[in-house]
file run-v3.csv (CSV, C-alpha atoms)
chain,number,residue,atom,x,y,z
A,123,MET,CA,146.9,-101.5,-157.2
A,124,SER,CA,149.0,-99.0,-155.3
A,125,GLU,CA,147.1,-100.4,-152.4
A,126,THR,CA,148.8,-103.7,-152.6
A,127,THR,CA,152.3,-102.4,-153.4
A,128,TRP,CA,152.6,-100.3,-150.3
A,129,ILE,CA,151.2,-103.0,-148.1
A,130,ALA,CA,153.5,-105.5,-149.7
A,131,GLY,CA,156.4,-103.3,-148.6
A,132,ILE,CA,155.1,-103.3,-145.0
A,133,GLU,CA,154.6,-107.0,-145.1
A,134,GLU,CA,158.2,-107.5,-146.3
A,135,GLN,CA,159.5,-105.3,-143.5
A,136,LEU,CA,157.5,-107.1,-140.8
A,137,LYS,CA,158.2,-110.6,-142.1
A,138,GLY,CA,161.9,-109.8,-142.2
A,139,LYS,CA,162.2,-108.5,-138.7
A,140,LEU,CA,159.5,-110.4,-136.8
A,141,ASN,CA,158.8,-113.7,-138.5
A,142,LEU,CA,155.2,-113.1,-139.4
A,143,ASP,CA,152.8,-115.8,-140.4
A,144,ALA,CA,151.9,-115.8,-144.1
A,145,THR,CA,148.2,-115.8,-143.5
A,146,ALA,CA,148.4,-112.8,-141.3
A,147,LEU,CA,147.5,-110.3,-143.9
A,148,ASP,CA,144.0,-109.8,-145.2
A,149,LEU,CA,143.5,-107.5,-148.2
A,150,ASN,CA,139.8,-108.2,-148.7
A,151,ALA,CA,138.7,-106.2,-145.8
A,152,ASP,CA,137.9,-102.5,-146.2
A,153,ILE,CA,141.4,-101.6,-145.1
A,154,PRO,CA,144.4,-103.9,-145.0
A,155,THR,CA,144.3,-106.0,-141.8
A,156,LEU,CA,147.1,-107.8,-140.1
A,157,THR,CA,146.5,-110.4,-137.5
A,158,LEU,CA,149.4,-110.6,-135.0
A,159,LYS,CA,150.3,-112.5,-131.9
A,160,ARG,CA,150.5,-110.7,-128.7
A,161,ASP,CA,154.3,-111.4,-128.4
A,162,ASN,CA,155.2,-109.4,-131.5
A,163,VAL,CA,152.4,-106.8,-131.6
A,164,ILE,CA,154.4,-104.0,-129.8
A,165,ALA,CA,157.4,-104.6,-131.9
A,166,ALA,CA,155.3,-104.5,-135.1
A,167,ILE,CA,153.7,-101.3,-134.1
A,168,ALA,CA,157.0,-99.7,-133.2
A,169,LEU,CA,158.3,-100.7,-136.7
A,170,LEU,CA,155.2,-99.3,-138.3
A,171,LYS,CA,155.5,-96.1,-136.3
A,172,ASP,CA,159.0,-95.6,-137.6
A,173,SER,CA,158.0,-96.2,-141.1
A,174,GLY,CA,155.3,-93.5,-141.1
A,175,PHE,CA,152.3,-94.8,-139.3
A,176,ASN,CA,152.5,-92.3,-136.5
A,177,PHE,CA,148.9,-91.8,-135.7
A,178,LEU,CA,146.9,-94.3,-133.6
A,179,THR,CA,143.3,-93.7,-134.8
A,180,ASP,CA,141.6,-96.3,-132.6
A,181,LEU,CA,142.3,-99.0,-130.0
A,182,THR,CA,139.4,-101.1,-129.1
A,183,GLY,CA,138.4,-104.6,-128.0
A,184,ILE,CA,136.2,-107.3,-129.4
A,185,HIS,CA,134.7,-110.6,-128.1
A,186,TYR,CA,134.0,-113.6,-130.4
A,187,PRO,CA,132.6,-116.2,-128.1
A,188,GLN,CA,132.6,-118.8,-130.8
A,189,LEU,CA,136.4,-118.7,-131.4
A,190,LYS,CA,137.4,-121.0,-128.7
A,191,GLY,CA,140.9,-120.3,-127.5
A,192,SER,CA,141.1,-116.8,-128.9
A,193,GLU,CA,137.8,-115.1,-127.9
A,194,LEU,CA,139.0,-111.7,-126.9
A,195,GLY,CA,140.7,-109.4,-129.4
A,196,VAL,CA,142.4,-106.0,-129.3
A,197,ILE,CA,142.0,-104.0,-132.6
A,198,TYR,CA,144.4,-101.2,-133.4
A,199,HIS,CA,143.9,-98.8,-136.2
A,200,LEU,CA,147.0,-97.0,-137.5
A,201,HIS,CA,147.1,-94.1,-140.0
A,202,ASP,CA,150.0,-92.8,-142.0
A,203,MET,CA,149.0,-89.2,-142.5
A,204,VAL,CA,151.7,-88.3,-145.0
A,205,LYS,CA,150.9,-91.1,-147.5
A,206,ASN,CA,147.3,-91.5,-146.4
A,207,HIS,CA,147.5,-95.2,-145.7
A,208,ARG,CA,145.4,-96.9,-143.1
A,209,LEU,CA,146.2,-100.2,-141.5
A,210,ARG,CA,144.3,-102.4,-139.0
A,211,LEU,CA,146.0,-104.8,-136.6
A,212,LYS,CA,144.3,-107.5,-134.6
A,213,VAL,CA,145.6,-109.5,-131.7
A,214,PHE,CA,143.6,-112.3,-130.3
A,215,VAL,CA,144.0,-113.8,-126.8
A,216,SER,CA,142.1,-116.5,-124.9
A,217,ILE,CA,139.5,-115.4,-122.5
A,218,SER,CA,141.2,-117.4,-119.7
A,219,ASP,CA,144.3,-115.3,-120.1
A,220,PRO,CA,143.3,-111.9,-121.4
A,221,THR,CA,146.6,-110.1,-121.2
A,222,VAL,CA,148.1,-107.9,-123.9
A,223,PRO,CA,151.2,-105.6,-123.5
A,224,THR,CA,150.4,-102.0,-123.3
A,225,LEU,CA,150.9,-99.5,-126.1
A,226,THR,CA,151.2,-96.4,-123.9
A,227,GLU,CA,154.9,-96.0,-124.3
A,228,LEU,CA,154.7,-95.8,-128.1
A,229,PHE,CA,151.4,-93.8,-128.2
A,230,PRO,CA,150.4,-91.9,-125.1
A,231,GLY,CA,146.9,-91.6,-126.6
A,232,ALA,CA,146.4,-95.3,-126.0
A,233,ASN,CA,146.2,-94.7,-122.3
A,234,TRP,CA,142.5,-94.0,-122.0
A,235,MET,CA,141.6,-96.2,-125.0
A,236,GLU,CA,143.2,-99.2,-123.1
A,237,ARG,CA,141.3,-98.2,-120.0
A,238,GLU,CA,138.1,-98.3,-122.0
A,239,THR,CA,138.9,-101.7,-123.4
A,240,PHE,CA,139.7,-103.0,-120.0
A,241,ASP,CA,136.4,-101.5,-118.6
A,242,PHE,CA,134.2,-103.1,-121.3
A,243,PHE,CA,136.1,-106.4,-122.2
A,244,GLY,CA,138.2,-107.2,-119.2
A,245,ILE,CA,141.4,-107.2,-121.3
A,246,HIS,CA,144.4,-106.6,-119.0
A,247,PHE,CA,147.2,-104.4,-120.4
A,248,LYS,CA,150.5,-105.3,-118.9
A,249,GLY,CA,152.6,-102.3,-118.1
A,250,HIS,CA,149.7,-99.8,-118.2
A,251,PRO,CA,150.3,-96.9,-115.7
A,252,ASN,CA,146.7,-96.6,-114.5
A,253,LEU,CA,144.5,-99.5,-115.5
A,254,LYS,CA,141.2,-98.9,-114.0
A,255,ARG,CA,137.6,-98.4,-115.1
A,256,ILE,CA,137.0,-95.3,-117.0
A,257,LEU,CA,133.3,-95.0,-118.1
A,258,ASN,CA,131.5,-97.4,-115.8
A,259,MET,CA,131.1,-97.2,-112.1
A,260,ASP,CA,134.1,-98.5,-110.2
A,261,GLU,CA,132.0,-100.9,-108.2
A,262,MET,CA,130.9,-102.8,-111.3
A,263,ASN,CA,132.0,-106.4,-111.1
A,264,TYR,CA,131.6,-107.5,-114.7
A,265,HIS,CA,132.7,-106.4,-118.1
A,266,PRO,CA,129.6,-105.3,-120.0
A,267,MET,CA,130.6,-105.7,-123.7
A,268,ARG,CA,131.5,-109.4,-123.4
A,269,LYS,CA,128.9,-111.5,-125.1
A,270,GLU,CA,128.3,-113.8,-122.2
A,271,TYR,CA,125.1,-112.3,-120.9
A,272,GLN,CA,121.5,-112.8,-121.6
A,273,LEU,CA,119.8,-110.0,-123.6
A,274,GLU,CA,118.0,-108.9,-120.5
A,275,ASP,CA,120.6,-108.1,-117.8
A,276,GLY,CA,119.9,-110.3,-114.8
A,277,GLN,CA,122.0,-108.3,-112.4
A,278,ARG,CA,120.0,-105.1,-112.6
A,279,GLU,CA,117.8,-104.2,-109.7
A,280,ASP,CA,116.4,-101.1,-111.2
A,281,LYS,CA,114.3,-102.4,-114.1
A,282,ASP,CA,111.0,-100.7,-113.9
A,283,ASN,CA,108.5,-103.0,-115.6
A,284,SER,CA,105.6,-100.5,-115.4
A,285,MET,CA,107.6,-98.2,-117.6
A,286,PHE,CA,108.2,-100.6,-120.4
A,287,GLY,CA,105.1,-102.7,-120.5
A,288,ARG,CA,106.7,-106.0,-119.6
B,133,MET,CA,90.1,-56.7,-106.8
B,134,ALA,CA,90.2,-54.0,-109.4
B,135,GLU,CA,91.9,-54.1,-112.7
B,136,ILE,CA,93.2,-51.0,-114.3
B,137,GLN,CA,90.9,-49.7,-117.1
B,138,LEU,CA,92.8,-48.2,-120.0
B,139,GLU,CA,91.5,-46.5,-123.0
B,140,ASN,CA,93.4,-49.0,-125.2
B,141,ASP,CA,91.8,-52.2,-124.0
B,142,LYS,CA,94.1,-54.5,-125.9
B,143,ILE,CA,96.8,-54.5,-123.1
B,144,ASN,CA,96.9,-57.6,-120.9
B,145,LEU,CA,98.3,-56.9,-117.5
B,146,GLY,CA,99.2,-59.6,-115.0
B,147,LYS,CA,96.7,-60.4,-112.3
B,148,ALA,CA,97.4,-58.9,-109.0
B,149,PRO,CA,97.1,-61.2,-106.0
B,150,GLU,CA,94.1,-60.9,-103.7
B,151,GLY,CA,94.3,-58.0,-101.4
B,152,TYR,CA,92.9,-54.7,-100.2
B,153,GLU,CA,93.3,-51.7,-102.3
B,154,GLY,CA,93.1,-48.1,-101.5
B,155,PRO,CA,94.3,-44.8,-102.9
B,156,GLY,CA,98.1,-45.2,-103.2
B,157,PHE,CA,98.4,-48.5,-101.5
B,158,PHE,CA,97.7,-52.2,-102.0
B,159,ALA,CA,97.7,-54.6,-99.1
B,160,THR,CA,98.1,-58.3,-99.4
B,161,THR,CA,99.6,-61.2,-97.4
B,162,LEU,CA,103.4,-61.6,-97.3
B,163,GLU,CA,103.1,-65.1,-98.7
B,164,LYS,CA,101.4,-63.8,-101.8
B,165,ALA,CA,103.8,-61.0,-102.3
B,166,VAL,CA,106.9,-63.2,-101.8
B,167,GLY,CA,105.3,-65.9,-104.0
B,168,MET,CA,104.8,-63.5,-106.8
B,169,ALA,CA,108.3,-62.1,-106.5
B,170,ARG,CA,109.9,-65.5,-106.5
B,171,ALA,CA,107.8,-66.9,-109.3
B,172,ASN,CA,108.7,-64.1,-111.7
B,173,SER,CA,112.4,-64.3,-111.0
B,174,ILE,CA,113.4,-67.9,-111.0
B,175,TRP,CA,117.1,-68.3,-111.6
B,176,PRO,CA,117.7,-71.7,-113.1
B,177,LEU,CA,120.7,-74.0,-113.0
B,178,PRO,CA,120.8,-75.7,-116.4
B,179,PHE,CA,122.2,-79.1,-115.6
B,180,ALA,CA,122.3,-80.0,-119.3
B,181,THR,CA,123.9,-83.3,-120.3
B,182,SER,CA,122.5,-84.3,-123.6
B,183,CYS,CA,120.1,-83.4,-126.4
B,184,CYS,CA,117.6,-81.9,-124.1
B,185,GLY,CA,120.3,-79.4,-123.2
B,186,ILE,CA,120.5,-78.3,-126.8
B,187,GLU,CA,116.7,-78.0,-126.9
B,188,PHE,CA,117.0,-75.8,-123.8
B,189,MET,CA,119.5,-73.6,-125.6
B,190,ALA,CA,116.8,-73.1,-128.2
B,191,THR,CA,114.3,-72.2,-125.5
B,192,MET,CA,116.7,-69.7,-124.1
B,193,ALA,CA,117.3,-68.1,-127.4
B,194,SER,CA,115.3,-65.2,-128.7
B,195,HIS,CA,112.6,-67.1,-130.6
B,196,TYR,CA,111.1,-68.8,-127.5
B,197,ASP,CA,112.9,-66.7,-124.9
B,198,LEU,CA,112.9,-68.1,-121.4
B,199,GLY,CA,114.0,-64.7,-120.2
B,200,ARG,CA,110.4,-63.5,-120.6
B,201,PHE,CA,109.5,-65.6,-117.6
B,202,GLY,CA,112.1,-64.1,-115.3
B,203,SER,CA,114.8,-66.6,-116.0
B,204,GLU,CA,117.1,-64.2,-117.7
B,205,ARG,CA,120.0,-65.0,-115.5
B,206,LEU,CA,121.2,-68.6,-115.5
B,207,SER,CA,123.8,-69.6,-113.1
B,208,PHE,CA,126.0,-72.7,-113.2
B,209,SER,CA,126.6,-72.3,-109.5
B,210,PRO,CA,124.1,-74.2,-107.3
B,211,ARG,CA,124.6,-71.8,-104.5
B,212,GLN,CA,123.1,-69.0,-106.6
B,213,SER,CA,120.2,-70.7,-108.2
B,214,ASP,CA,116.6,-71.6,-107.4
B,215,LEU,CA,115.7,-74.2,-109.9
B,216,LEU,CA,117.7,-77.2,-110.9
B,217,MET,CA,116.8,-78.1,-114.4
B,218,VAL,CA,118.1,-81.6,-115.2
B,219,MET,CA,118.1,-81.9,-118.9
B,220,GLY,CA,119.5,-85.1,-120.4
B,221,THR,CA,120.7,-88.6,-119.7
B,222,ILE,CA,122.1,-89.1,-116.2
B,223,SER,CA,124.4,-92.1,-116.1
B,224,LYS,CA,124.9,-93.9,-112.8
B,225,LYS,CA,128.4,-92.5,-112.6
B,226,MET,CA,126.9,-89.0,-112.8
B,227,GLY,CA,124.3,-89.7,-110.1
B,228,PRO,CA,126.5,-88.7,-107.1
B,229,ILE,CA,127.5,-85.5,-108.8
B,230,LEU,CA,123.9,-84.5,-109.5
B,231,ARG,CA,123.1,-85.3,-105.9
B,232,GLN,CA,125.9,-83.1,-104.6
B,233,ILE,CA,124.7,-80.3,-106.8
B,234,TYR,CA,121.2,-80.6,-105.4
B,235,GLU,CA,122.5,-80.7,-101.9
B,236,GLN,CA,124.5,-77.5,-102.4
B,237,MET,CA,121.5,-75.5,-103.4
B,238,ALA,CA,119.9,-73.3,-100.8
B,239,GLU,CA,116.2,-73.5,-99.8
B,240,PRO,CA,113.8,-72.8,-101.4
B,241,LYS,CA,114.8,-74.9,-104.3
B,242,TRP,CA,112.8,-76.7,-107.0
B,243,VAL,CA,113.8,-79.4,-109.5
B,244,LEU,CA,112.6,-79.8,-113.0
B,245,SER,CA,113.2,-83.0,-114.9
B,246,MET,CA,113.3,-82.3,-118.6
B,247,GLY,CA,113.0,-85.1,-121.1
B,248,ALA,CA,112.5,-88.8,-121.0
B,249,CYS,CA,116.0,-89.7,-119.9
B,250,ALA,CA,115.9,-87.6,-116.8
B,251,SER,CA,112.4,-88.6,-115.9
B,252,SER,CA,112.8,-92.4,-116.3
B,253,GLY,CA,115.9,-93.3,-118.1
B,254,GLY,CA,114.3,-92.8,-121.4
B,255,ILE,CA,115.1,-95.3,-124.1
B,256,PHE,CA,118.3,-96.2,-122.3
B,257,ASP,CA,117.0,-99.2,-120.3
B,258,THR,CA,120.6,-100.3,-119.6
B,259,TYR,CA,123.1,-101.0,-116.9
B,260,SER,CA,124.8,-97.7,-117.0
B,261,VAL,CA,121.9,-95.2,-117.1
B,262,LEU,CA,120.1,-94.0,-113.9
B,263,GLN,CA,116.4,-94.9,-114.5
B,264,GLY,CA,115.1,-91.5,-113.5
B,265,ILE,CA,116.6,-88.8,-111.4
B,266,ASP,CA,113.8,-89.2,-108.8
B,267,ARG,CA,115.7,-92.2,-107.6
B,268,ILE,CA,118.2,-89.8,-106.1
B,269,ILE,CA,116.6,-86.4,-105.7
B,270,PRO,CA,113.0,-85.2,-105.3
B,271,VAL,CA,111.5,-83.7,-108.5
B,272,ASP,CA,108.8,-81.1,-108.7
B,273,VAL,CA,107.8,-81.1,-112.4
B,274,TYR,CA,108.5,-83.6,-115.1
B,275,ILE,CA,108.5,-82.6,-118.8
B,276,PRO,CA,108.1,-85.7,-121.0
B,277,GLY,CA,109.5,-85.7,-124.5
B,278,CYS,CA,112.5,-86.8,-126.4
B,279,PRO,CA,113.3,-84.0,-126.6
B,280,PRO,CA,110.4,-81.8,-125.5
B,281,ARG,CA,109.7,-78.9,-127.8
B,282,PRO,CA,110.6,-75.5,-126.4
B,283,GLU,CA,106.8,-74.8,-126.0
B,284,GLN,CA,106.7,-77.8,-123.7
B,285,VAL,CA,109.7,-76.6,-121.7
B,286,LEU,CA,108.0,-73.2,-121.3
B,287,ASP,CA,104.9,-75.0,-120.1
B,288,GLY,CA,107.0,-76.9,-117.6
B,289,ILE,CA,108.5,-73.6,-116.4
B,290,MET,CA,105.1,-72.1,-116.0
B,291,GLN,CA,104.0,-75.0,-113.9
B,292,ILE,CA,107.0,-74.5,-111.7
B,293,GLN,CA,106.0,-70.8,-111.5
B,294,LYS,CA,102.6,-71.9,-110.3
B,295,LEU,CA,104.2,-74.1,-107.7
B,296,VAL,CA,106.5,-71.3,-106.6
B,297,GLU,CA,103.7,-68.7,-106.4
B,298,ASN,CA,101.5,-70.8,-104.3
B,299,GLU,CA,104.0,-72.3,-101.9
B,300,SER,CA,103.6,-71.6,-98.3
B,301,LEU,CA,106.4,-69.8,-96.6
B,302,ARG,CA,106.6,-72.4,-93.9
B,303,ARG,CA,106.7,-75.4,-96.3
B,304,ARG,CA,110.4,-76.0,-96.1
B,305,ASP,CA,110.2,-76.3,-92.3
B,306,SER,CA,107.2,-78.5,-92.3
B,307,ALA,CA,107.2,-82.1,-91.1
B,308,GLU,CA,106.0,-83.3,-94.5
B,309,TYR,CA,108.9,-81.7,-96.3
B,310,LYS,CA,111.4,-83.1,-93.8
B,311,ALA,CA,109.9,-86.5,-94.3
B,312,LEU,CA,110.4,-86.2,-98.0
B,313,GLN,CA,114.0,-85.2,-97.5
B,314,ALA,CA,114.5,-88.2,-95.2
B,315,ARG,CA,113.1,-90.5,-97.8
B,316,TYR,CA,115.9,-89.5,-100.1
B,317,GLY,CA,118.5,-89.6,-97.4
B,318,LEU,CA,119.0,-85.9,-97.4
B,319,VAL,CA,119.3,-84.3,-94.0
call {"tool": "encode", "arguments": {"input": "run-v3.csv", "output": "structure tokens"}}
result
Amino acid sequence: MSETTWIAGIEEQLKGKLNLDATALDLNADIPTLTLKRDNVIAAIALLKDSGFNFLTDLTGIHYPQLKGSELGVIYHLHDMVKNHRLRLKVFVSISDPTVPTLTELFPGANWMERETFDFFGIHFKGHPNLKRILNMDEMNYHPMRKEYQLEDGQREDKDNSMFGR
Amino acid sequence: MAEIQLENDKINLGKAPEGYEGPGFFATTLEKAVGMARANSIWPLPFATSCCGIEFMATMASHYDLGRFGSERLSFSPRQSDLLMVMGTISKKMGPILRQIYEQMAEPKWVLSMGACASSGGIFDTYSVLQGIDRIIPVDVYIPGCPPRPEQVLDGIMQIQKLVENESLRRRDSAEYKALQARYGLV
């Protein structure tokens, strides 16, 4: 029950300052999850950082091809180390306009995490100091973790059928 | 060729190469002498990237001890090593780096590919993994396994030793070797 009281406090704060949607908060997930819009996500995270959530555990992307209009998402995991509270934030954008503002000014650790998200999902972070591929080859012309591809990758020239009994 | 007879017959001495023996001297060909010296003092470069690297650490440790075979001194500098041991998954981004390391080694050099990932990409049949290092550098011995046990690694090293021992001194200048280098785009 203390779980709901602290998150209610957070929700009050965010609602008051940022006009949040009532359905944004999900308490049935493993950790409290807030779904935000890309316009207010940086402001929300700044507010949360000031109220104790000063550790960015993870920043990653996700692609739900069936959610037309909001296929790509950026997931942030925040952690308040003093009170041991964890919070997940989700921002969904359309695949035709995959732009999200960058978090690097608030959390310098987001720099490489946003590069990885760009590398694998193609989400462009506006204001990022060095947005380029980090793990894949620079010449790659697609974003591998998007769910738009066949199970067997058609672009590969180095598939060796003799090795895998195809 | 004569073997030394000792009273205690339980000692195994290494076989001497073929040659002519007399009182106080042993004559053999330069190739055999150099081959024997090289084979018993291979200095490897452990290019360890993944799990096979950990298995190699076990091989170097005292229980399996690669140092018995002359590989006591490992070097991470390609300029000072004879054998490039590629142990682990090589991603496509790592490929040019591996190639540069290979090019920096001085002749004569040998390449050992340890594990499934280095030999053929292993279980990672994916867009980011190089499907075998023999796509970019010539390999002498492959050790299959995921990871291969230290005994298998030692067997691979012994096969390299056989190659080193029996290699002609002129092999690196031969047309066949140059053609091999050309196939890989190495000058």
call {"tool": "interface_residues", "arguments": {"input": "run-v3.csv", "of": "chain B", "to": "chain A", "cutoff": "9 Å", "atoms": "all atoms listed in the file", "output": "short mmCIF file (atom, residue, chain, number, x, y, z; two decimals) with C-alpha atoms, in the coordinates of the input"}}
result
data_model
loop_
_atom_site.label_atom_id
_atom_site.label_comp_id
_atom_site.auth_asym_id
_atom_site.auth_seq_id
_atom_site.Cartn_x
_atom_site.Cartn_y
_atom_site.Cartn_z
CA SER B 223 124.40 -92.10 -116.10
CA LYS B 224 124.90 -93.90 -112.80
CA LYS B 225 128.40 -92.50 -112.60
CA SER B 252 112.80 -92.40 -116.30
CA ASP B 257 117.00 -99.20 -120.30
CA THR B 258 120.60 -100.30 -119.60
CA TYR B 259 123.10 -101.00 -116.90
CA SER B 260 124.80 -97.70 -117.00
CA LEU B 262 120.10 -94.00 -113.90
CA GLN B 263 116.40 -94.90 -114.50
#
call {"tool": "atom_distance", "arguments": {"input": "run-v3.csv", "atom1": "atom CA of Ile233 of chain B", "atom2": "atom CA of Asn252 of chain A"}}
result
28.4 Å
call {"tool": "atom_distance", "arguments": {"input": "run-v3.csv", "atom1": "atom CA of Glu238 of chain A", "atom2": "atom CA of Leu169 of chain A"}}
result
25.1 Å
call {"tool": "residues_near_point", "arguments": {"input": "run-v3.csv", "point": "(104.6, -70.4, -110.4)", "cutoff": "12 Å", "atoms": "only C-alpha atoms", "output": "short mmCIF file (atom, residue, chain, number, x, y, z; two decimals) with C-alpha atoms, keeping the file's coordinate frame"}}
result
data_model
loop_
_atom_site.label_atom_id
_atom_site.label_comp_id
_atom_site.auth_asym_id
_atom_site.auth_seq_id
_atom_site.Cartn_x
_atom_site.Cartn_y
_atom_site.Cartn_z
CA LYS B 164 101.40 -63.80 -101.80
CA VAL B 166 106.90 -63.20 -101.80
CA GLY B 167 105.30 -65.90 -104.00
CA MET B 168 104.80 -63.50 -106.80
CA ALA B 169 108.30 -62.10 -106.50
CA ARG B 170 109.90 -65.50 -106.50
CA ALA B 171 107.80 -66.90 -109.30
CA ASN B 172 108.70 -64.10 -111.70
CA SER B 173 112.40 -64.30 -111.00
CA ILE B 174 113.40 -67.90 -111.00
CA PHE B 201 109.50 -65.60 -117.60
CA GLY B 202 112.10 -64.10 -115.30
CA LEU B 215 115.70 -74.20 -109.90
CA TRP B 242 112.80 -76.70 -107.00
CA ASP B 272 108.80 -81.10 -108.70
CA VAL B 273 107.80 -81.10 -112.40
CA LEU B 286 108.00 -73.20 -121.30
CA ASP B 287 104.90 -75.00 -120.10
CA GLY B 288 107.00 -76.90 -117.60
CA ILE B 289 108.50 -73.60 -116.40
CA MET B 290 105.10 -72.10 -116.00
CA GLN B 291 104.00 -75.00 -113.90
CA ILE B 292 107.00 -74.50 -111.70
CA GLN B 293 106.00 -70.80 -111.50
CA LYS B 294 102.60 -71.90 -110.30
CA LEU B 295 104.20 -74.10 -107.70
CA VAL B 296 106.50 -71.30 -106.60
CA GLU B 297 103.70 -68.70 -106.40
CA ASN B 298 101.50 -70.80 -104.30
CA GLU B 299 104.00 -72.30 -101.90
#
call {"tool": "atom_distance", "arguments": {"input": "run-v3.csv", "atom1": "atom CA of Gly220 of chain B", "atom2": "atom CA of Gly185 of chain B"}}
result
6.4 Å
call {"tool": "residues_around", "arguments": {"input": "run-v3.csv", "residues": "segment 277-285 of chain B", "least_positions_apart": "6", "cutoff": "10 Å", "atoms": "all atoms listed in the file", "output": "number ranges by chain"}}
result
B: 182-192, 195-198, 219-220, 244-249, 251, 254-255, 291
call {"tool": "axis_aligned_box", "arguments": {"input": "run-v3.csv", "around": "segment 275-280 of chain B", "padding_each_side": "8 Å", "output": "JSON"}}
result
{"center_x": 110.7, "center_y": -84.3, "center_z": -122.7, "size_x": 21.2, "size_y": 21.0, "size_z": 23.8}
call {"tool": "residues_near_point", "arguments": {"input": "run-v3.csv", "point": "(139.7, -122.5, -126.9)", "cutoff": "9 Å", "atoms": "only C-alpha atoms", "output": "VMD selection string"}}
result
chain A and resid 188 to 193 216 to 218
